[in-house]
Amino acid sequence: MTTTRRAHDVADLGLADAGAKRIAWAAREMPVLAGIRRRFAQERPLAGLRIGACLHVTAETANLMLALRDGGADVALCASNPLSTQDDVAASLVAHEGISVFARKGEDRDTYYGHINAVLATKPQVTMDDGADLVTELHTKRRELLPEVVGGTEETTTGVNRLRAMAAEGVLSYPIVAVNDAMTKHLFDNRYGTGQSAVDGVIRATNLLIAGKTAAIGGYGWVGRGIASRLRGFGAITLVCEVDPLRALEAAMDGFEVTTVADAVSRADLFVTATGNVNVLGKEALDRAKDGAILANAGHFNDEIDLRYLASLATSTRELRPFVAEYQLRDGRAIVVLAEGRLVNLSAAEGHPPAVMDMSFADQALSVEHLRAHARELEHRVYPVPQELDEEIARQKLAAMGMRIDTLTDEQRTYARSWKAGT
Ligand code: NAD
Ligand code: ADE
């Protein structure tokens, strides 16, 4: 199928057929989103709505774009990370689906922001962000477009944190739904999605045997928990570094050795950061990193490993394989960094599998529908995904997985609400 080509900037439209196959393959594992897409096609709840999306341009995201388009929206998409774009998927969306896409894998910073501005030029009424770069660009450099915007959604922890900071400072100009905070999102996407795909990224980049290696994780939040559990599953001796005593204790009782970054990095063959914070592997850590250590990041931004400092210690750097850079240091050590310290799962692998993005993107689609109906009643702050939508997505996912659950009897419902019955 070919269709009218909208404004776009993608690497190679000749990749479109390969992208279409990839999008169709992902769709097989996205039944909840498919159900929403069918309903959207009938009801057209987003008719005429202009959506500006800044997401990882993957096969899973393509399926979300198609659901929104079938719901009547006019969608423009750019990348939320310079390295996460699947060029074939971007090409198919443009060539086959008539969707505006501005994304090229490996784009430089200027192109990245140029693409965000190309999406903003479509005058979105709803923003859909992953990390809040679109929203911050809009609020700092394109304020003239703000009156058009009725609401937005945010996909990831770091983005939600930034938007909450904006709301706290009173500078957020429209309501945002925090998709990340839905249970059907972070419980599964951040934990099982990143748990699997970050390890997949490390393995695809390096072909490393994980069994018997010492691996360390920075951060035991939703993402860190997932990666730690998967690395342990592969047979790594797994260390966890945390700053929050409760999460550190949880890691300890989950059976991990909890220690400081400085200690872990001196012992780890592989260190994966997943904090959303800056310079977790900073100067002190990099000074102590074990010779031959492989460093990777699964947190949103490429700020978790101080690559500038590492470069200042190096006499040379070389690419050993795609996404594998070796820094030869003056003191004789060699340190390996994967995917320039960017999200290893989306740069060196394909990001989360579609079965988990099914729920995250069902949350996105239903949140946009919710905003279309209710944005005018909302204040300029960060809102949760309505609980009934979250529960409905869980129900649909369970049904698609062929799982059944019980419901409370009337007696149990009454008992659960009462205080009188005791010993
Ligand atoms: P979270 O808030 O649940 O967990 C982060 C944890 O890091 C917290 O427990 C915090 O105490 C800890 N931490 C902060 N600074 C630290 C430091 N200096 N040393 C050790 N621990 C530290 O967040 P999350 O949902 O786990 O997300 C983590 C990051 O991953 C965010 O940037 C998020 O946007 C990103 N993310 C990435 C993907 C992906 O596909 N790669 C998917 C989801 C989320
Ligand atoms: N974030 C993590 N994995 C993803 C994927 N496969 N598609 C879009 N965003 C993602």
# chains A, B, ... in the order shown; residues from 1 in each chain; ligands from 1
call {"tool": "closest_atom_pairs", "arguments": {"of": "chain A", "to": "ligand 2", "cutoff": "9 Å", "atoms": "only C-alpha atoms and all ligand atoms", "output": "tab-separated table"}}
result
residue	atom	partner	partner_atom_place_in_ligand_line	distance
A:Leu55	CA	ligand 2	9 (N)	6.3
A:His56	CA	ligand 2	8 (C)	4.7
A:Val57	CA	ligand 2	8 (C)	6.3
A:Thr58	CA	ligand 2	7 (N)	4.9
A:Ala59	CA	ligand 2	7 (N)	6.7
A:Glu60	CA	ligand 2	7 (N)	4.9
A:Thr61	CA	ligand 2	8 (C)	5.1
A:Ala62	CA	ligand 2	7 (N)	8.5
A:Ser80	CA	ligand 2	9 (N)	8.9
A:Ser84	CA	ligand 2	9 (N)	8.5
A:Asp130	CA	ligand 2	9 (N)	8.0
A:Glu155	CA	ligand 2	9 (N)	8.4
A:Thr156	CA	ligand 2	1 (N)	8.4
A:Asp189	CA	ligand 2	2 (C)	7.3
A:Asn190	CA	ligand 2	2 (C)	8.0
A:Gly193	CA	ligand 2	3 (N)	6.9
A:Thr194	CA	ligand 2	2 (C)	6.9
A:Ser197	CA	ligand 2	3 (N)	7.6
A:Leu343	CA	ligand 2	2 (C)	8.9
A:Asn345	CA	ligand 2	3 (N)	7.3
A:Leu346	CA	ligand 2	3 (N)	6.3
A:Glu350	CA	ligand 2	6 (N)	6.0
A:Gly351	CA	ligand 2	3 (N)	3.7
A:His352	CA	ligand 2	3 (N)	3.7
A:Pro353	CA	ligand 2	6 (N)	5.7
A:Pro354	CA	ligand 2	6 (N)	6.2
A:Val356	CA	ligand 2	6 (N)	8.4
A:Met357	CA	ligand 2	5 (C)	6.3
A:Ser360	CA	ligand 2	9 (N)	8.7
A:Phe361	CA	ligand 2	8 (C)	8.5
call {"tool": "write_last_selection", "arguments": {"atoms": "N, CA, C and O atoms", "output": "CSV table (one decimal), in the first residue's frame"}}
result
chain,number,residue,atom,x,y,z
A,55,LEU,N,8.7,9.9,20.8
A,55,LEU,CA,8.8,8.6,21.4
A,55,LEU,C,10.0,7.8,20.7
A,55,LEU,O,10.4,8.3,19.7
A,56,HIS,N,10.4,6.7,21.3
A,56,HIS,CA,11.4,5.9,20.6
A,56,HIS,C,10.7,5.4,19.3
A,56,HIS,O,9.5,4.8,19.4
A,57,VAL,N,11.3,5.5,18.2
A,57,VAL,CA,10.6,5.2,16.9
A,57,VAL,C,10.9,3.7,16.7
A,57,VAL,O,11.8,3.3,16.0
A,58,THR,N,10.0,2.9,17.2
A,58,THR,CA,10.1,1.4,17.1
A,58,THR,C,8.9,0.8,16.5
A,58,THR,O,7.9,1.5,16.3
A,59,ALA,N,8.9,-0.5,16.3
A,59,ALA,CA,7.7,-1.2,15.7
A,59,ALA,C,6.5,-1.1,16.7
A,59,ALA,O,5.4,-1.0,16.2
A,60,GLU,N,6.8,-1.1,18.0
A,60,GLU,CA,5.7,-1.0,19.0
A,60,GLU,C,5.1,0.4,18.9
A,60,GLU,O,3.9,0.6,18.9
A,61,THR,N,6.0,1.4,18.8
A,61,THR,CA,5.5,2.8,18.7
A,61,THR,C,4.7,3.0,17.4
A,61,THR,O,3.6,3.6,17.4
A,62,ALA,N,5.1,2.3,16.4
A,62,ALA,CA,4.4,2.4,15.1
A,62,ALA,C,2.9,1.9,15.3
A,62,ALA,O,2.0,2.5,14.8
A,80,SER,N,12.7,10.2,20.6
A,80,SER,CA,13.0,10.7,21.9
A,80,SER,C,14.4,10.3,22.4
A,80,SER,O,14.8,10.5,23.5
A,84,SER,N,17.7,5.5,19.2
A,84,SER,CA,16.7,4.5,19.4
A,84,SER,C,15.9,4.2,18.2
A,84,SER,O,15.0,3.3,18.1
A,130,ASP,N,8.4,11.2,25.8
A,130,ASP,CA,9.1,10.1,26.5
A,130,ASP,C,10.4,10.8,27.0
A,130,ASP,O,11.4,10.8,26.2
A,155,GLU,N,5.7,9.2,29.1
A,155,GLU,CA,5.9,7.8,29.1
A,155,GLU,C,6.9,7.3,30.2
A,155,GLU,O,6.7,6.2,30.7
A,156,THR,N,7.9,8.1,30.6
A,156,THR,CA,8.9,7.5,31.5
A,156,THR,C,9.2,8.3,32.8
A,156,THR,O,8.8,9.4,32.9
A,189,ASP,N,6.6,-2.7,32.2
A,189,ASP,CA,7.5,-2.2,31.2
A,189,ASP,C,8.9,-1.9,31.8
A,189,ASP,O,9.9,-2.4,31.4
A,190,ASN,N,8.9,-1.1,32.9
A,190,ASN,CA,10.2,-0.7,33.5
A,190,ASN,C,10.9,-1.9,34.0
A,190,ASN,O,12.1,-2.1,33.9
A,193,GLY,N,10.2,-5.4,31.0
A,193,GLY,CA,10.6,-4.9,29.7
A,193,GLY,C,12.1,-4.6,29.7
A,193,GLY,O,12.9,-5.1,29.0
A,194,THR,N,12.5,-3.6,30.6
A,194,THR,CA,13.9,-3.2,30.6
A,194,THR,C,14.8,-4.4,31.2
A,194,THR,O,15.9,-4.5,30.7
A,197,SER,N,15.2,-6.4,28.0
A,197,SER,CA,15.8,-5.8,26.8
A,197,SER,C,17.2,-5.2,27.1
A,197,SER,O,18.0,-5.1,26.2
A,343,LEU,N,20.7,4.7,26.3
A,343,LEU,CA,19.8,3.5,26.6
A,343,LEU,C,20.3,2.3,25.8
A,343,LEU,O,20.1,2.2,24.6
A,345,ASN,N,19.3,-0.8,25.8
A,345,ASN,CA,18.3,-1.7,25.3
A,345,ASN,C,17.7,-1.2,24.0
A,345,ASN,O,17.3,-2.0,23.1
A,346,LEU,N,17.6,0.1,23.8
A,346,LEU,CA,17.0,0.7,22.6
A,346,LEU,C,18.1,1.0,21.5
A,346,LEU,O,17.8,1.1,20.3
A,350,GLU,N,16.4,-4.0,20.5
A,350,GLU,CA,15.2,-3.4,19.9
A,350,GLU,C,14.2,-2.8,20.9
A,350,GLU,O,13.0,-2.5,20.6
A,351,GLY,N,14.7,-2.5,22.1
A,351,GLY,CA,13.8,-2.0,23.1
A,351,GLY,C,13.0,-3.1,23.7
A,351,GLY,O,13.2,-4.3,23.4
A,352,HIS,N,12.0,-2.8,24.4
A,352,HIS,CA,11.1,-3.8,25.1
A,352,HIS,C,10.4,-4.6,24.0
A,352,HIS,O,9.9,-4.0,23.0
A,353,PRO,N,10.1,-5.9,24.3
A,353,PRO,CA,9.3,-6.7,23.4
A,353,PRO,C,7.9,-6.1,23.4
A,353,PRO,O,7.4,-5.5,24.3
A,354,PRO,N,7.2,-6.3,22.2
A,354,PRO,CA,5.9,-5.8,22.1
A,354,PRO,C,4.9,-6.2,23.1
A,354,PRO,O,4.0,-5.4,23.4
A,356,VAL,N,5.0,-6.3,26.2
A,356,VAL,CA,5.0,-5.4,27.3
A,356,VAL,C,4.6,-4.0,26.9
A,356,VAL,O,3.8,-3.3,27.6
A,357,MET,N,5.1,-3.6,25.7
A,357,MET,CA,4.7,-2.3,25.2
A,357,MET,C,3.2,-2.2,24.9
A,357,MET,O,2.6,-1.1,24.9
A,360,SER,N,1.8,-0.5,28.0
A,360,SER,CA,2.3,0.9,28.1
A,360,SER,C,1.5,1.8,27.0
A,360,SER,O,1.1,2.9,27.3
A,361,PHE,N,1.4,1.2,25.8
A,361,PHE,CA,0.8,2.0,24.8
A,361,PHE,C,-0.7,2.0,24.8
A,361,PHE,O,-1.4,2.9,24.3
call {"tool": "residues_near_ligand", "arguments": {"ligand": "ligand 1", "cutoff": "7 Å", "atoms": "only C-alpha atoms and all ligand atoms", "output": "count of residues only"}}
result
37
call {"tool": "residues_around", "arguments": {"residues": "stretch 17-34 of chain A", "least_positions_apart": "4", "cutoff": "7 Å", "atoms": "only C-alpha atoms", "output": "list in words"}}
result
Arg38, Ala59, Glu60, Ala62, Asn63, Asp88, Val89, Ala91, Ser92, Pro354, Ala355, Asp358, Met359, Phe361, Ala362, Gln396, Lys397 and Ala400 of chain A
call {"tool": "residues_around", "arguments": {"residues": "A:Gly72", "least_positions_apart": "4", "cutoff": "6 Å", "atoms": "only C-alpha atoms", "output": "MDAnalysis selection string"}}
result
chainID A and resid 44 46:48
call {"tool": "select_by_dssp", "arguments": {"residues": "stretch 259-355 of chain A", "states": "alpha helix (DSSP H)", "output": "JSON, numbers by chain"}}
result
{"A": [261, 262, 263, 264, 265, 266, 267, 283, 284, 285, 286, 287, 288, 307, 308, 309, 310, 311, 312, 313, 344, 345, 346, 347, 354, 355]}
call {"tool": "write_last_selection", "arguments": {"atoms": "C-alpha atoms", "output": "PDB file, in the first residue's frame"}}
result
ATOM      1  CA  VAL A 261      29.303   2.183  43.669  1.00  0.00           C
ATOM      2  CA  ALA A 262      33.007   2.615  44.446  1.00  0.00           C
ATOM      3  CA  ASP A 263      33.262  -0.943  45.747  1.00  0.00           C
ATOM      4  CA  ALA A 264      31.035  -2.512  43.072  1.00  0.00           C
ATOM      5  CA  VAL A 265      32.811  -0.849  40.162  1.00  0.00           C
ATOM      6  CA  SER A 266      36.191  -2.119  41.354  1.00  0.00           C
ATOM      7  CA  ARG A 267      34.819  -5.697  41.178  1.00  0.00           C
ATOM      8  CA  LYS A 283      35.102  10.482  38.637  1.00  0.00           C
ATOM      9  CA  GLU A 284      35.654   8.443  41.803  1.00  0.00           C
ATOM     10  CA  ALA A 285      33.991   5.379  40.307  1.00  0.00           C
ATOM     11  CA  LEU A 286      35.786   5.605  36.969  1.00  0.00           C
ATOM     12  CA  ASP A 287      39.132   5.955  38.772  1.00  0.00           C
ATOM     13  CA  ARG A 288      38.416   2.601  40.437  1.00  0.00           C
ATOM     14  CA  LEU A 307      32.067   9.978  29.592  1.00  0.00           C
ATOM     15  CA  ARG A 308      33.758  13.360  29.435  1.00  0.00           C
ATOM     16  CA  TYR A 309      35.918  12.431  32.427  1.00  0.00           C
ATOM     17  CA  LEU A 310      36.567   8.960  30.997  1.00  0.00           C
ATOM     18  CA  ALA A 311      37.684  10.554  27.727  1.00  0.00           C
ATOM     19  CA  SER A 312      40.021  12.855  29.672  1.00  0.00           C
ATOM     20  CA  LEU A 313      41.744   9.768  31.154  1.00  0.00           C
ATOM     21  CA  VAL A 344      21.512   0.190  25.847  1.00  0.00           C
ATOM     22  CA  ASN A 345      18.259  -1.693  25.270  1.00  0.00           C
ATOM     23  CA  LEU A 346      17.019   0.663  22.554  1.00  0.00           C
ATOM     24  CA  SER A 347      20.397   1.476  21.012  1.00  0.00           C
ATOM     25  CA  PRO A 354       5.874  -5.774  22.055  1.00  0.00           C
ATOM     26  CA  ALA A 355       3.992  -7.875  24.624  1.00  0.00           C
TER      27      ALA A 355
END
call {"tool": "residues_around", "arguments": {"residues": "A:Pro82", "least_positions_apart": "3", "cutoff": "12 Å", "atoms": "only C-alpha atoms", "output": "MDAnalysis selection string"}}
result
chainID A and resid 54:57 78:79 85:87 102:116 133 300:302 339:343 346:347
call {"tool": "write_last_selection", "arguments": {"atoms": "C-alpha atoms", "output": "tab-separated table (two decimals), in the first residue's frame"}}
result
chain	number	residue	atom	x	y	z
A	54	CYS	CA	8.31	12.30	20.77
A	55	LEU	CA	8.83	8.58	21.42
A	56	HIS	CA	11.37	5.89	20.59
A	57	VAL	CA	10.58	5.17	16.94
A	78	CYS	CA	9.98	12.32	16.23
A	79	ALA	CA	12.56	10.34	18.17
A	85	THR	CA	15.13	4.88	15.95
A	86	GLN	CA	14.42	1.82	13.82
A	87	ASP	CA	14.98	3.34	10.37
A	102	PHE	CA	11.22	12.94	11.72
A	103	ALA	CA	13.84	10.48	12.99
A	104	ARG	CA	17.10	8.92	11.87
A	105	LYS	CA	19.11	6.48	13.96
A	106	GLY	CA	22.40	8.15	14.96
A	107	GLU	CA	21.16	11.71	14.43
A	108	ASP	CA	23.28	14.41	16.06
A	109	ARG	CA	21.98	16.80	18.72
A	110	ASP	CA	21.08	19.57	16.27
A	111	THR	CA	19.12	17.14	14.09
A	112	TYR	CA	17.43	15.70	17.18
A	113	TYR	CA	16.16	19.14	18.20
A	114	GLY	CA	15.43	20.02	14.58
A	115	HIS	CA	13.14	16.98	14.47
A	116	ILE	CA	11.42	17.98	17.71
A	133	ASP	CA	12.35	16.98	25.74
A	300	HIS	CA	16.73	7.65	30.22
A	301	PHE	CA	19.58	10.07	29.57
A	302	ASN	CA	23.23	9.47	28.73
A	339	ALA	CA	26.14	2.61	22.98
A	340	GLU	CA	27.80	5.90	24.02
A	341	GLY	CA	26.17	5.53	27.44
A	342	ARG	CA	22.71	5.86	25.89
A	343	LEU	CA	19.81	3.49	26.63
A	346	LEU	CA	17.02	0.66	22.55
A	347	SER	CA	20.40	1.48	21.01
call {"tool": "select_by_dssp", "arguments": {"residues": "stretch 131-267 of chain A", "states": "strand (DSSP E)", "output": "count of residues only"}}
result
19
call {"tool": "atom_distance", "arguments": {"atom1": "atom CA of A:Ser100", "atom2": "atom CA of A:Ile176"}}
result
23.1 Å
call {"tool": "closest_residue", "arguments": {"among": "A:Gly422, A:Gly292, A:Gly52, A:Pro384", "to": "A:Arg164", "atoms": "only C-alpha atoms"}}
result
A:Pro384
